[in-house]
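What follows is the content of work_32.cif (mmCIF, C-alpha atoms).
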```
data_entry
loop_
_atom_site.label_atom_id
_atom_site.label_comp_id
_atom_site.auth_asym_id
_atom_site.auth_seq_id
_atom_site.Cartn_x
_atom_site.Cartn_y
_atom_site.Cartn_z
CA MET K 1 86.76 110.46 77.84
CA SER K 2 89.39 111.37 75.29
CA ASN K 3 89.28 109.38 72.04
CA HIS K 4 92.96 110.06 71.31
CA SER K 5 94.52 107.53 73.67
CA HIS K 6 95.07 103.89 72.76
CA VAL K 7 96.09 103.06 76.33
CA PHE K 8 93.99 100.49 78.19
CA HIS K 9 93.88 102.48 81.43
CA ARG K 10 93.06 101.02 84.84
CA HIS K 11 89.50 102.25 84.33
CA THR K 12 88.04 102.50 80.85
CA LEU K 13 86.34 105.80 81.69
CA MET K 14 89.55 107.45 82.92
CA ASP K 15 90.86 110.55 81.24
CA PRO K 16 93.73 111.41 83.57
CA PRO K 17 96.01 114.42 83.25
CA ILE K 18 99.43 113.76 81.77
CA ALA K 19 102.21 113.75 84.35
CA ASP K 20 105.06 115.72 82.77
CA HIS K 21 107.86 116.00 85.33
CA GLY K 22 108.74 115.72 88.99
CA ASP K 23 110.09 118.27 91.43
CA GLY K 24 110.93 116.85 94.85
CA ILE K 25 107.70 115.82 96.54
CA TYR K 26 105.60 117.24 93.67
CA LEU K 27 104.41 115.91 90.32
CA ILE K 28 103.58 118.49 87.65
CA ASP K 29 101.21 117.85 84.77
CA THR K 30 101.38 119.28 81.24
CA THR K 31 99.25 122.28 82.24
CA GLY K 32 101.74 123.23 84.95
CA LYS K 33 99.53 122.18 87.87
CA ARG K 34 101.50 120.90 90.86
CA TYR K 35 100.40 117.94 92.96
CA LEU K 36 101.88 117.24 96.40
CA ASP K 37 102.38 113.47 96.40
CA ALA K 38 101.18 112.62 99.90
CA SER K 39 100.92 108.90 99.17
CA GLY K 40 104.11 108.37 97.17
CA GLY K 41 101.83 107.03 94.44
CA ALA K 42 101.14 103.75 96.23
CA ALA K 43 103.85 104.14 98.90
CA VAL K 44 106.48 104.01 96.15
CA SER K 45 108.22 107.38 95.77
CA CYS K 46 109.99 107.52 99.11
CA LEU K 47 112.70 109.87 97.81
CA GLY K 48 110.43 112.09 95.76
CA HIS K 49 110.47 112.50 92.00
CA SER K 50 113.73 114.22 91.08
CA ASP K 51 116.65 112.73 93.00
CA ALA K 52 119.66 113.59 90.83
CA GLU K 53 121.96 110.89 92.25
CA VAL K 54 119.50 108.06 91.64
CA ILE K 55 118.77 109.30 88.12
CA ALA K 56 122.50 109.53 87.40
CA ALA K 57 123.06 105.96 88.61
CA ALA K 58 120.44 104.60 86.21
CA LYS K 59 121.86 106.65 83.31
CA GLN K 60 125.40 105.50 84.04
CA GLN K 61 124.34 101.87 84.00
CA LEU K 62 122.56 102.36 80.67
CA ASP K 63 125.75 103.80 79.24
CA GLN K 64 127.66 100.73 80.41
CA MET K 65 125.17 97.89 79.76
CA ALA K 66 121.39 97.83 79.49
CA PHE K 67 120.56 94.13 79.89
CA ALA K 68 122.04 90.68 80.34
CA HIS K 69 119.75 87.70 80.95
CA THR K 70 120.26 86.10 84.35
CA SER K 71 120.24 82.56 82.95
CA PHE K 72 123.62 83.45 81.42
CA PHE K 73 125.13 86.19 83.60
CA THR K 74 125.02 87.91 86.94
CA ASN K 75 125.71 91.64 86.96
CA ALA K 76 127.51 94.02 89.28
CA PRO K 77 124.50 96.16 90.32
CA MET K 78 122.49 93.06 91.25
CA GLU K 79 125.36 91.68 93.33
CA GLU K 80 125.90 95.02 95.06
CA LEU K 81 122.20 95.43 95.79
CA ALA K 82 122.01 91.95 97.30
CA ASP K 83 125.03 92.74 99.48
CA LEU K 84 123.44 95.98 100.69
CA LEU K 85 120.15 94.28 101.57
CA VAL K 86 121.72 91.30 103.32
CA GLY K 87 124.11 93.61 105.16
CA ALA K 88 121.17 95.54 106.58
CA SER K 89 119.13 92.47 107.56
CA PRO K 90 119.38 89.94 110.41
CA PRO K 91 122.13 87.34 109.82
CA ALA K 92 119.68 84.50 109.09
CA LEU K 93 118.39 86.31 106.00
CA ASP K 94 121.28 85.97 103.60
CA ARG K 95 119.97 85.43 100.05
CA VAL K 96 117.97 87.73 97.77
CA TYR K 97 115.75 86.68 94.86
CA PHE K 98 114.99 89.60 92.55
CA THR K 99 111.77 90.33 90.66
CA SER K 100 110.28 93.25 88.74
CA GLY K 101 107.71 94.25 91.36
CA GLY K 102 105.72 93.39 94.45
CA SER K 103 103.18 90.97 93.02
CA GLU K 104 106.00 89.03 91.37
CA ALA K 105 107.88 88.97 94.68
CA VAL K 106 104.92 87.46 96.53
CA GLU K 107 104.32 84.98 93.69
CA ALA K 108 107.98 83.93 93.87
CA ALA K 109 107.83 83.53 97.64
CA LEU K 110 104.73 81.31 97.43
CA LYS K 111 106.32 79.08 94.82
CA MET K 112 109.64 79.01 96.66
CA ALA K 113 107.88 77.95 99.86
CA ARG K 114 106.09 75.11 98.08
CA GLN K 115 109.22 73.87 96.36
CA TYR K 116 111.16 74.12 99.63
CA PHE K 117 108.93 71.43 101.11
CA VAL K 118 109.12 69.34 97.95
CA GLU K 119 112.91 69.50 98.20
CA ARG K 120 112.61 68.32 101.82
CA GLY K 121 110.40 65.38 100.89
CA GLU K 122 107.16 66.88 102.24
CA PRO K 123 104.98 67.12 99.09
CA LYS K 124 101.73 66.88 101.08
CA ARG K 125 102.17 70.49 102.17
CA ARG K 126 99.86 72.40 99.87
CA ASN K 127 97.92 74.93 102.00
CA TYR K 128 98.62 78.63 102.44
CA ILE K 129 97.07 80.62 105.27
CA ALA K 130 96.73 84.40 105.21
CA ARG K 131 94.43 87.01 106.77
CA SER K 132 91.17 88.59 105.77
CA GLN K 133 91.41 92.28 104.88
CA SER K 134 94.89 91.87 103.44
CA TYR K 135 96.43 92.54 100.04
CA HIS K 136 99.38 90.69 98.54
CA GLY K 137 99.30 91.55 94.84
CA ASN K 138 97.39 91.01 91.62
CA THR K 139 98.93 87.91 90.04
CA LEU K 140 96.67 84.89 90.53
CA GLY K 141 98.77 83.32 93.28
CA ALA K 142 99.25 86.58 95.16
CA LEU K 143 95.56 87.42 94.74
CA SER K 144 94.68 83.97 96.09
CA VAL K 145 96.42 84.56 99.42
CA GLY K 146 95.16 88.13 99.59
CA GLY K 147 92.02 88.88 101.54
CA ASN K 148 90.76 91.87 99.54
CA LYS K 149 87.30 90.70 98.53
CA MET K 150 86.66 93.36 95.91
CA ARG K 151 89.87 92.59 94.03
CA ARG K 152 89.32 88.83 94.32
CA GLU K 153 85.68 88.69 93.28
CA PRO K 154 85.92 88.67 89.43
CA PHE K 155 88.55 85.90 89.60
CA ARG K 156 87.14 83.91 92.52
CA ASP K 157 86.50 80.75 90.49
CA VAL K 158 90.08 80.53 89.19
CA LEU K 159 92.00 81.36 92.36
CA LEU K 160 93.96 78.88 94.48
CA ASP K 161 92.08 77.35 97.39
CA THR K 162 93.65 79.28 100.27
CA HIS K 163 92.58 79.92 103.87
CA HIS K 164 92.08 83.18 105.75
CA ILE K 165 92.01 83.92 109.47
CA MET K 166 90.88 87.07 111.29
CA PRO K 167 92.89 90.29 110.94
CA ALA K 168 94.97 91.66 113.80
CA PHE K 169 93.18 94.99 113.45
CA ALA K 170 92.10 96.22 116.88
CA TYR K 171 89.86 99.14 115.89
CA ARG K 172 87.44 96.79 114.13
CA TYR K 173 88.19 93.33 115.55
CA ALA K 174 88.99 93.75 119.26
CA GLN K 175 86.06 92.95 121.52
CA ASP K 176 84.64 95.51 123.95
CA GLY K 177 86.87 95.62 127.02
CA GLU K 178 89.47 93.30 125.51
CA THR K 179 93.04 94.25 126.42
CA GLU K 180 95.73 94.61 123.78
CA ASP K 181 97.51 91.49 125.07
CA ALA K 182 94.31 89.45 125.05
CA PHE K 183 93.45 90.55 121.53
CA ALA K 184 96.96 89.76 120.32
CA GLU K 185 96.73 86.26 121.77
CA ARG K 186 93.25 85.61 120.35
CA ALA K 187 94.18 86.87 116.88
CA ALA K 188 97.40 84.86 116.81
CA ASN K 189 95.75 81.71 118.15
CA ALA K 190 93.43 81.81 115.15
CA LEU K 191 96.47 80.69 113.14
CA ALA K 192 97.12 77.69 115.38
CA GLU K 193 93.46 76.72 115.16
CA GLN K 194 93.51 76.91 111.36
CA ILE K 195 96.71 74.87 111.13
CA GLU K 196 95.21 72.20 113.38
CA ALA K 197 92.01 72.14 111.33
CA LEU K 198 93.90 71.65 108.07
CA GLY K 199 96.48 69.27 109.51
CA PRO K 200 99.96 70.67 110.25
CA GLU K 201 101.55 68.31 107.74
CA THR K 202 99.58 70.01 104.92
CA VAL K 203 100.40 73.67 105.62
CA ILE K 204 103.13 75.49 103.68
CA ALA K 205 103.14 79.03 105.03
CA PHE K 206 101.41 81.86 106.81
CA VAL K 207 101.49 85.08 104.77
CA ALA K 208 100.92 88.48 106.37
CA GLU K 209 101.62 92.15 105.84
CA THR K 210 103.68 93.39 108.78
CA VAL K 211 101.64 96.60 108.65
CA VAL K 212 98.53 96.25 106.50
CA GLY K 213 98.49 98.73 103.62
CA ALA K 214 95.92 99.24 100.89
CA THR K 215 93.08 97.10 102.23
CA ALA K 216 92.96 98.35 105.82
CA GLY K 217 94.86 101.63 105.77
CA ALA K 218 98.09 101.31 107.78
CA ALA K 219 96.64 98.92 110.36
CA THR K 220 99.27 97.77 112.85
CA ALA K 221 99.15 94.53 114.81
CA PRO K 222 98.83 94.63 118.61
CA ARG K 223 101.97 94.35 120.71
CA GLY K 224 103.24 90.76 120.89
CA TYR K 225 101.11 89.44 118.04
CA PHE K 226 103.95 88.65 115.65
CA LYS K 227 106.08 87.06 118.37
CA ARG K 228 103.21 84.68 119.05
CA ILE K 229 102.81 84.07 115.28
CA ARG K 230 106.51 83.23 114.99
CA GLU K 231 106.20 80.74 117.86
CA ILE K 232 103.18 79.06 116.22
CA CYS K 233 104.92 78.78 112.86
CA ASP K 234 107.97 77.25 114.53
CA ARG K 235 105.87 74.79 116.49
CA TYR K 236 104.19 73.42 113.38
CA GLY K 237 107.10 73.77 110.94
CA VAL K 238 105.19 76.35 108.89
CA LEU K 239 107.06 79.09 107.03
CA LEU K 240 106.40 82.71 107.93
CA ILE K 241 106.30 84.98 104.87
CA LEU K 242 106.00 88.69 105.64
CA ASP K 243 104.82 91.00 102.88
CA GLU K 244 106.51 94.38 103.18
CA VAL K 245 105.96 95.47 99.59
CA MET K 246 104.16 98.57 100.84
CA CYS K 247 105.27 98.96 104.47
CA GLY K 248 108.96 98.08 104.08
CA MET K 249 112.07 99.94 102.93
CA GLY K 250 111.94 102.45 105.77
CA ARG K 251 108.29 103.40 105.44
CA THR K 252 107.52 102.67 109.13
CA GLY K 253 110.80 104.06 110.50
CA SER K 254 113.07 101.02 110.16
CA LEU K 255 114.37 99.56 106.92
CA PHE K 256 112.30 96.41 107.49
CA ALA K 257 109.01 96.81 109.36
CA PHE K 258 109.51 93.44 111.08
CA GLU K 259 112.48 94.90 113.01
CA GLN K 260 109.93 96.66 115.22
CA GLU K 261 108.25 93.33 115.99
CA ASP K 262 111.50 91.73 117.21
CA ILE K 263 111.16 88.68 114.98
CA VAL K 264 112.82 87.28 111.86
CA PRO K 265 110.62 85.80 109.11
CA ASP K 266 111.58 82.93 106.81
CA MET K 267 111.02 85.22 103.84
CA VAL K 268 110.16 88.87 103.41
CA THR K 269 108.94 90.45 100.17
CA PHE K 270 109.48 94.07 99.24
CA ALA K 271 109.38 96.36 96.21
CA LYS K 272 107.97 99.92 95.83
CA GLY K 273 110.48 101.82 97.98
CA LEU K 274 113.31 99.45 97.03
CA ALA K 275 114.15 101.68 94.05
CA ALA K 276 111.77 104.49 95.10
CA GLY K 277 109.94 104.35 91.77
CA TYR K 278 112.98 105.29 89.70
CA GLN K 279 112.97 101.79 88.22
CA PRO K 280 110.65 98.76 88.64
CA VAL K 281 112.19 96.17 90.97
CA GLY K 282 111.12 93.86 93.78
CA ALA K 283 112.76 91.16 95.84
CA VAL K 284 112.38 88.28 98.27
CA LEU K 285 114.86 88.16 101.14
CA VAL K 286 115.30 84.50 102.05
CA ASN K 287 116.38 82.67 105.19
CA ALA K 288 119.55 80.58 104.84
CA HIS K 289 117.78 77.31 105.68
CA ILE K 290 115.51 77.71 102.65
CA PHE K 291 118.39 78.36 100.28
CA GLU K 292 120.28 75.38 101.73
CA ALA K 293 117.35 73.05 100.99
CA PHE K 294 117.52 74.03 97.32
CA GLN K 295 121.31 73.88 97.22
CA SER K 296 121.42 70.38 98.73
CA GLY K 297 118.43 69.21 96.68
CA SER K 298 117.65 69.81 93.02
CA GLY K 299 119.69 73.01 92.92
CA ALA K 300 117.17 74.79 90.70
CA PHE K 301 114.24 76.97 91.71
CA MET K 302 111.65 76.20 89.02
CA HIS K 303 110.68 79.80 88.51
CA GLY K 304 111.99 82.95 86.85
CA HIS K 305 111.15 86.07 84.86
CA THR K 306 112.99 87.67 81.97
CA PHE K 307 113.72 90.97 83.65
CA MET K 308 114.67 89.75 87.13
CA GLY K 309 117.87 91.35 88.37
CA HIS K 310 117.74 93.92 85.58
CA PRO K 311 121.01 95.90 85.73
CA VAL K 312 119.42 99.34 85.35
CA SER K 313 116.75 98.63 87.94
CA CYS K 314 119.34 97.30 90.37
CA ALA K 315 121.67 100.25 89.76
CA ALA K 316 118.88 102.68 90.65
CA ALA K 317 118.01 100.58 93.70
CA VAL K 318 121.64 100.58 94.87
CA ALA K 319 121.64 104.38 94.82
CA VAL K 320 118.33 104.42 96.71
CA GLN K 321 119.53 101.90 99.31
CA LYS K 322 122.64 103.92 100.04
CA LYS K 323 120.37 106.83 100.88
CA LEU K 324 117.89 104.76 102.90
CA GLN K 325 120.70 103.12 104.85
CA ALA K 326 122.48 106.41 105.59
CA PRO K 327 122.84 106.90 109.38
CA HIS K 328 120.31 109.72 109.63
CA MET K 329 117.56 108.48 107.30
CA MET K 330 115.54 106.16 109.54
CA SER K 331 115.78 108.52 112.50
CA ASP K 332 114.51 111.28 110.20
CA VAL K 333 111.56 109.11 109.13
CA ARG K 334 110.72 108.34 112.77
CA ARG K 335 110.96 112.02 113.76
CA LEU K 336 108.86 113.17 110.79
CA GLY K 337 106.43 110.34 111.50
CA GLN K 338 105.88 111.70 114.99
CA VAL K 339 105.34 115.18 113.58
CA PHE K 340 102.90 113.82 111.01
CA GLU K 341 100.99 111.87 113.64
CA ALA K 342 100.72 115.00 115.77
CA ARG K 343 99.49 117.11 112.82
CA LEU K 344 96.88 114.51 111.85
CA HIS K 345 95.60 114.32 115.42
CA GLU K 346 95.58 118.11 115.67
CA VAL K 347 93.46 118.42 112.54
CA PHE K 348 91.28 115.29 112.75
CA THR K 349 90.93 114.11 116.36
CA ASP K 350 87.72 116.08 116.87
CA HIS K 351 86.42 115.50 113.36
CA PRO K 352 82.96 113.91 113.59
CA HIS K 353 83.68 111.47 110.77
CA ILE K 354 87.22 110.28 111.50
CA GLY K 355 87.00 107.13 113.60
CA ASP K 356 90.65 106.12 113.77
CA ILE K 357 94.06 107.63 113.05
CA ARG K 358 96.70 104.92 112.82
CA GLY K 359 100.04 103.80 111.44
CA ARG K 360 103.78 104.10 112.00
CA GLY K 361 106.47 106.40 110.68
CA LEU K 362 105.44 107.98 107.39
CA PHE K 363 102.76 105.34 106.83
CA ARG K 364 99.44 106.64 108.15
CA GLY K 365 95.77 105.87 107.72
CA LEU K 366 92.48 107.62 108.50
CA GLU K 367 89.31 105.54 108.81
CA LEU K 368 86.07 107.35 108.03
CA VAL K 369 82.81 106.69 109.87
CA ALA K 370 79.28 108.03 109.68
CA ASP K 371 79.12 107.90 113.49
CA ARG K 372 82.16 107.88 115.80
CA VAL K 373 80.42 106.27 118.76
CA SER K 374 78.95 103.27 116.95
CA LYS K 375 81.77 103.17 114.32
CA GLU K 376 79.05 102.79 111.71
CA PRO K 377 80.56 103.34 108.23
CA PHE K 378 79.12 105.37 105.40
CA ASP K 379 76.97 103.64 102.81
CA PRO K 380 79.36 101.85 100.43
CA GLN K 381 77.27 103.05 97.48
CA ALA K 382 78.34 106.62 98.27
CA GLY K 383 81.94 105.86 97.30
CA LEU K 384 83.32 108.21 99.93
CA ALA K 385 87.00 107.25 99.70
CA GLY K 386 87.02 107.83 95.96
CA ALA K 387 85.22 111.14 96.39
CA ILE K 388 87.90 112.27 98.85
CA LYS K 389 90.62 111.26 96.39
CA ARG K 390 89.00 113.39 93.68
CA ALA K 391 88.46 116.37 95.98
CA ALA K 392 92.06 116.20 97.17
CA PHE K 393 93.37 115.84 93.61
CA GLU K 394 91.48 118.96 92.57
CA ARG K 395 93.30 120.76 95.37
CA GLY K 396 96.68 119.48 94.22
CA LEU K 397 97.02 116.71 96.80
CA ILE K 398 97.54 113.03 96.00
CA CYS K 399 96.22 110.53 98.56
CA TYR K 400 95.45 106.81 98.34
CA PRO K 401 91.81 105.85 99.02
CA GLY K 402 90.44 102.48 100.05
CA GLY K 403 86.96 101.02 100.31
CA GLY K 404 85.69 97.86 101.99
CA THR K 405 87.92 98.52 105.00
CA ILE K 406 85.79 96.51 107.44
CA ASP K 407 84.74 93.40 105.56
CA GLY K 408 85.51 93.90 101.88
CA ARG K 409 82.33 95.86 101.23
CA ARG K 410 81.74 98.38 104.02
CA GLY K 411 84.11 101.03 105.30
CA ASP K 412 86.35 103.75 103.86
CA HIS K 413 89.88 104.87 104.62
CA ILE K 414 92.58 107.15 103.27
CA LEU K 415 96.21 106.01 103.21
CA LEU K 416 99.05 108.51 103.41
CA ALA K 417 102.69 107.71 102.61
CA PRO K 418 104.60 110.90 101.79
CA PRO K 419 108.23 110.89 100.60
CA TYR K 420 110.91 110.83 103.29
CA ILE K 421 112.17 114.22 102.05
CA VAL K 422 109.09 116.12 103.30
CA ASN K 423 109.48 118.87 105.85
CA GLU K 424 107.22 119.81 108.74
CA ARG K 425 105.45 122.52 106.72
CA ASN K 426 104.63 119.96 104.00
CA LEU K 427 103.12 117.62 106.59
CA ALA K 428 100.95 120.41 108.00
CA ASP K 429 99.79 121.28 104.47
CA ILE K 430 98.88 117.65 103.79
CA ALA K 431 96.73 117.48 106.91
CA THR K 432 94.88 120.75 106.34
CA THR K 433 94.31 120.18 102.60
CA LEU K 434 93.06 116.67 103.29
CA ARG K 435 90.66 118.01 105.93
CA ASP K 436 89.19 120.36 103.32
CA ALA K 437 88.86 117.49 100.84
CA VAL K 438 87.21 115.22 103.43
CA ASP K 439 84.69 117.90 104.38
CA THR K 440 83.90 118.67 100.75
CA ALA K 441 83.37 115.02 99.84
CA ILE K 442 81.16 114.33 102.86
CA SER K 443 79.05 117.41 102.18
CA VAL K 444 78.33 116.09 98.67
CA ILE K 445 77.22 112.60 99.72
CA THR K 446 75.19 113.56 102.81
#
```

Using the file provided, produce a representation of the structure as structure tokens.
Amino acid sequence: MSNHSHVFHRHTLMDPPIADHGDGIYLIDTTGKRYLDASGGAAVSCLGHSDAEVIAAAKQQLDQMAFAHTSFFTNAPMEELADLLVGASPPALDRVYFTSGGSEAVEAALKMARQYFVERGEPKRRNYIARSQSYHGNTLGALSVGGNKMRREPFRDVLLDTHHIMPAFAYRYAQDGETEDAFAERAANALAEQIEALGPETVIAFVAETVVGATAGAATAPRGYFKRIREICDRYGVLLILDEVMCGMGRTGSLFAFEQEDIVPDMVTFAKGLAAGYQPVGAVLVNAHIFEAFQSGSGAFMHGHTFMGHPVSCAAAVAVQKKLQAPHMMSDVRRLGQVFEARLHEVFTDHPHIGDIRGRGLFRGLELVADRVSKEPFDPQAGLAGAIKRAAFERGLICYPGGGTIDGRRGDHILLAPPYIVNERNLADIATTLRDAVDTAISVIT
């Protein structure tokens, strides 16, 4: 470890290379080594690392005005960004609350949901329900609703008392011989059972990733699951908060992942791809009935952060949104997603240690197993996912590893979320380089 850095890195034993500049889908370090960013960092850099128009938009806003606190002013980029997002969403979602990132967006949504019921004269509602094997952010509230056991463990005694139901993750949780429809109904009914157990009058919201990201590796829900969830929430007067911080902003082939589920949530959180990494920004898109409860009640949401609605962040995000909402962009993501799926199956379907290939659009996951028939995972002590990350990085490929895929301790997966500007040759290179990294890592631990 270098003794020259005063940075408190994510890991105290890290000595990472210095990223120097970006070139399309590549990051280049100070030695000149190029890294193909096959995960967009953490599903962030959807337009790559050198988009001239987005960079120009941020620079232009800096020339005009860097900052104005939102307790005194609104600003033109924030207003334009809100208009773009509402214009692309279902009519019921017509207000946007801005934050500086995904964890803040989830935290804001949780607090907004609680205050919504206070405004309505229902202060007994205090319970949040989410799913095991989920991830909603690292602030204490967001971590409380998250179901990532490894991230929760050091803070377990100071987290909110929340409730978790089974995941809608068929590869690991569907029973032998269970149909997709039957699994969808069973997984969704777990929510109704939990609401009944707590008392419907005490439940604030159900929080779920539309497509599960970091904790389960692009795990999609079975067909009909979210429609059933929406019906249950409506029956009990519970808010539905969808977390699309990782899977939203076009990542699955539609601007909002929930579009593919044919439902409308009460709130949806997003960040990462919102400004494609060119500036830090997140948001909560809010249903009109929630805003109206505040407007006709106290008027004030008792929450806020200094840099919310930051003009430079919003200016960059406006430029990104104009690209994401261009007529061809989502069809391109869907087409490239199909190509990527085909390449991954071509390279990994017969691999003895790849148990599942899953995901949508340019959001894909590979689950690793010691045995494909029994689905038995590798020993967690081997740290396979991390070993694959290192082997890929040595080969100039960035991928996003995850451990504890099954139950928070056992299981390994690799998440892939390349920029939307990839071409078919790039996708083939990702698959073949990753295969080499997987094989190398497995050979070391076995």

Nearest to Thr306 of chain K, restricted to all atoms listed in the file and choosing among K:Asp407, K:Asp332, K:Glu104, K:Asp20, comes out as K:Glu104

- Task: Please return, as a list in words, all polymer residues that have at least one atom within 10 Å of the point (110.9, 81.6, 87.7); use all atoms listed in the file and the file's own coordinate frame.
- Result: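 Residues with an atom at most 10 Å from (110.9, 81.6, 87.7): Thr99, Glu104, Glu107, Ala108, Lys111, Met112, Ala300, Phe301, Met302, His303, Gly304, His305, Thr306 and Met308 of chain K.
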
For C-alpha atoms, I'd like the residues from the last selection saved as a PDB file, in the coordinates of the input.
```
ATOM      1  CA  THR K  99     111.770  90.330  90.660  1.00  0.00           C
ATOM      2  CA  GLU K 104     106.000  89.030  91.370  1.00  0.00           C
ATOM      3  CA  GLU K 107     104.320  84.980  93.690  1.00  0.00           C
ATOM      4  CA  ALA K 108     107.980  83.930  93.870  1.00  0.00           C
ATOM      5  CA  LYS K 111     106.320  79.080  94.820  1.00  0.00           C
ATOM      6  CA  MET K 112     109.640  79.010  96.660  1.00  0.00           C
ATOM      7  CA  ALA K 300     117.170  74.790  90.700  1.00  0.00           C
ATOM      8  CA  PHE K 301     114.240  76.970  91.710  1.00  0.00           C
ATOM      9  CA  MET K 302     111.650  76.200  89.020  1.00  0.00           C
ATOM     10  CA  HIS K 303     110.680  79.800  88.510  1.00  0.00           C
ATOM     11  CA  GLY K 304     111.990  82.950  86.850  1.00  0.00           C
ATOM     12  CA  HIS K 305     111.150  86.070  84.860  1.00  0.00           C
ATOM     13  CA  THR K 306     112.990  87.670  81.970  1.00  0.00           C
ATOM     14  CA  MET K 308     114.670  89.750  87.130  1.00  0.00           C
TER      15      MET K 308
END
```

So that I can see what lies close to segment 422-430 of chain K, please list as JSON, numbers by chain the residues with an atom at most 12 Å from it, counting all atoms listed in the file and leaving out residues fewer than 2 positions away in the same chain. {"K": [24, 25, 26, 35, 36, 37, 38, 39, 40, 45, 46, 47, 48, 49, 332, 333, 335, 336, 337, 338, 339, 340, 341, 342, 343, 344, 345, 346, 347, 348, 362, 364, 392, 393, 395, 396, 397, 398, 399, 415, 416, 417, 418, 419, 420, 432, 433, 434, 435, 436, 437, 438]}

Ground truth for the PyMOL selection byres ((chain K and resi 284) around 8), written as number ranges by chain
K: 96-99, 105-106, 108-109, 267-270, 282-283, 285-286

- Task: Kindly extract all protein, DNA and RNA residues lying within 10 Å of the coordinates (109.6, 101.6, 107.7) given in the file, considering all atoms listed in the file, and supply them as a list in words.
- Result: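 In the file's frame, the residues around the point are Val211, Glu244, Met246, Cys247, Gly248, Met249, Gly250, Arg251, Thr252, Gly253, Ser254, Leu255, Phe256, Ala257, Phe258, Glu259, Gln260, Gly273, Met330, Val333, Arg334, Arg360, Gly361, Leu362 and Phe363 of chain K.
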
Enclose all atoms of segment 343-362 of chain K listed in the file in an axis-aligned box, grow every side by 6 Å, and hand back centre and edge lengths in Å to one decimal, as lines of an AutoDock Vina configuration file.
```
center_x = 94.7
center_y = 111.1
center_z = 112.1
size_x = 35.5
size_y = 26.6
size_z = 21.5
```

Separating atom CA of Ala184 of chain K from atom CA of Pro401 of chain K, to the nearest tenth of an Å, is a gap of 27.2 Å

Taken to one decimal, the atom CA of Gly309 of chain K-atom CA of Ala142 of chain K distance is 20.4 Å

Open item on the list: Taking 2 positions as the minimum chain separation for residues in the same chain, which residues sit within 8 Å of His163 of chain K when counting only C-alpha atoms? Answer as a count of residues only.
Closed with: 8

_Result set of the PyMOL selection byres ((chain K and resi 69) around 12) on the coordinates above, as a PyMOL selection string_ = chain K and resi 65-68+70-75+78+304-311

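Here atom CA of Thr215 of chain K and atom CA of Val369 of chain K stand 16.0 Å from one another.
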
Item checked: Near-segment 52-62 of chain K list (9 Å; all atoms listed in the file; drop same-chain fewer than 6 positions) as a count of residues only -> 14

Practice item. Identify which of the residues K:Leu384, K:Ile28, K:Leu366, K:Ile204 lies closest to Glu122 of chain K, counting only C-alpha atoms when measuring atom-to-atom distances. Key: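 The shortest atom-to-atom distance to Glu122 of chain K comes from K:Ile204.
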
| Got a sec to resolve the PyMOL selection byres ((chain K and resi 140) around 12) on this structure and send the residues as a ChimeraX atom specification? | /K:103-104,106-108,110,136-139,141-146,151-162

For Lys227 of chain K, the nearest of the candidates K:Gly177, K:Ile263, K:Thr405, K:Ala192, counting all atoms listed in the file =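 Nearest to Lys227 of chain K: K:Ile263.
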
Using all atoms listed in the file, the shortest atom-to-atom distance to Gln325 of chain K among K:Leu198, K:Leu274, K:Leu242, K:Ile357 belongs to K:Leu274

Ranking K:Asp266, K:Gln321, K:Val444, K:Ala326 by minimum distance to Leu81 of chain K and counting only C-alpha atoms, which one comes first?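 The closest residue to Leu81 of chain K is K:Gln321.
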
Using only C-alpha atoms, which residue out of K:Val118, K:His351, K:Leu368, K:Arg95 lies closest to Glu79 of chain K?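 Closest candidate: K:Arg95.
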
query: What's the 8 Å shell around Pro377 of chain K, counting only C-alpha atoms, without same-chain residues fewer than 4 positions away, as a PyMOL selection string?
result: chain K and resi 368-371+410-412

Q: With a distance cut-off of 10 Å and all atoms listed in the file, select the neighbouring residues of Gly297 of chain K, excluding the residue or stretch itself and same-chain residues fewer than 3 positions from it, and output the selection as a PyMOL selection string.
A: chain K and resi 116+118-121+291-294+300

Would you fill out segment 63-67 of chain K with N, CA, C and O atoms and return it as a PDB file, keeping the file's coordinate frame?
```pdb
ATOM      1  N   ASP K  63     124.581 103.540  80.074  1.00  0.00           N
ATOM      2  CA  ASP K  63     125.750 103.800  79.240  1.00  0.00           C
ATOM      3  C   ASP K  63     126.691 102.595  79.199  1.00  0.00           C
ATOM      4  O   ASP K  63     127.355 102.343  78.192  1.00  0.00           O
ATOM      5  N   GLN K  64     126.727 101.857  80.315  1.00  0.00           N
ATOM      6  CA  GLN K  64     127.660 100.730  80.410  1.00  0.00           C
ATOM      7  C   GLN K  64     127.068  99.441  79.824  1.00  0.00           C
ATOM      8  O   GLN K  64     127.705  98.749  79.029  1.00  0.00           O
ATOM      9  N   MET K  65     125.837  99.104  80.241  1.00  0.00           N
ATOM     10  CA  MET K  65     125.170  97.890  79.760  1.00  0.00           C
ATOM     11  C   MET K  65     123.697  97.954  80.157  1.00  0.00           C
ATOM     12  O   MET K  65     123.376  98.182  81.317  1.00  0.00           O
ATOM     13  N   ALA K  66     122.824  97.733  79.203  1.00  0.00           N
ATOM     14  CA  ALA K  66     121.390  97.830  79.490  1.00  0.00           C
ATOM     15  C   ALA K  66     120.818  96.540  80.057  1.00  0.00           C
ATOM     16  O   ALA K  66     120.009  96.565  80.985  1.00  0.00           O
ATOM     17  N   PHE K  67     121.230  95.379  79.521  1.00  0.00           N
ATOM     18  CA  PHE K  67     120.560  94.130  79.890  1.00  0.00           C
ATOM     19  C   PHE K  67     121.448  92.938  79.629  1.00  0.00           C
ATOM     20  O   PHE K  67     122.163  92.886  78.626  1.00  0.00           O
TER      21      PHE K  67
END
```
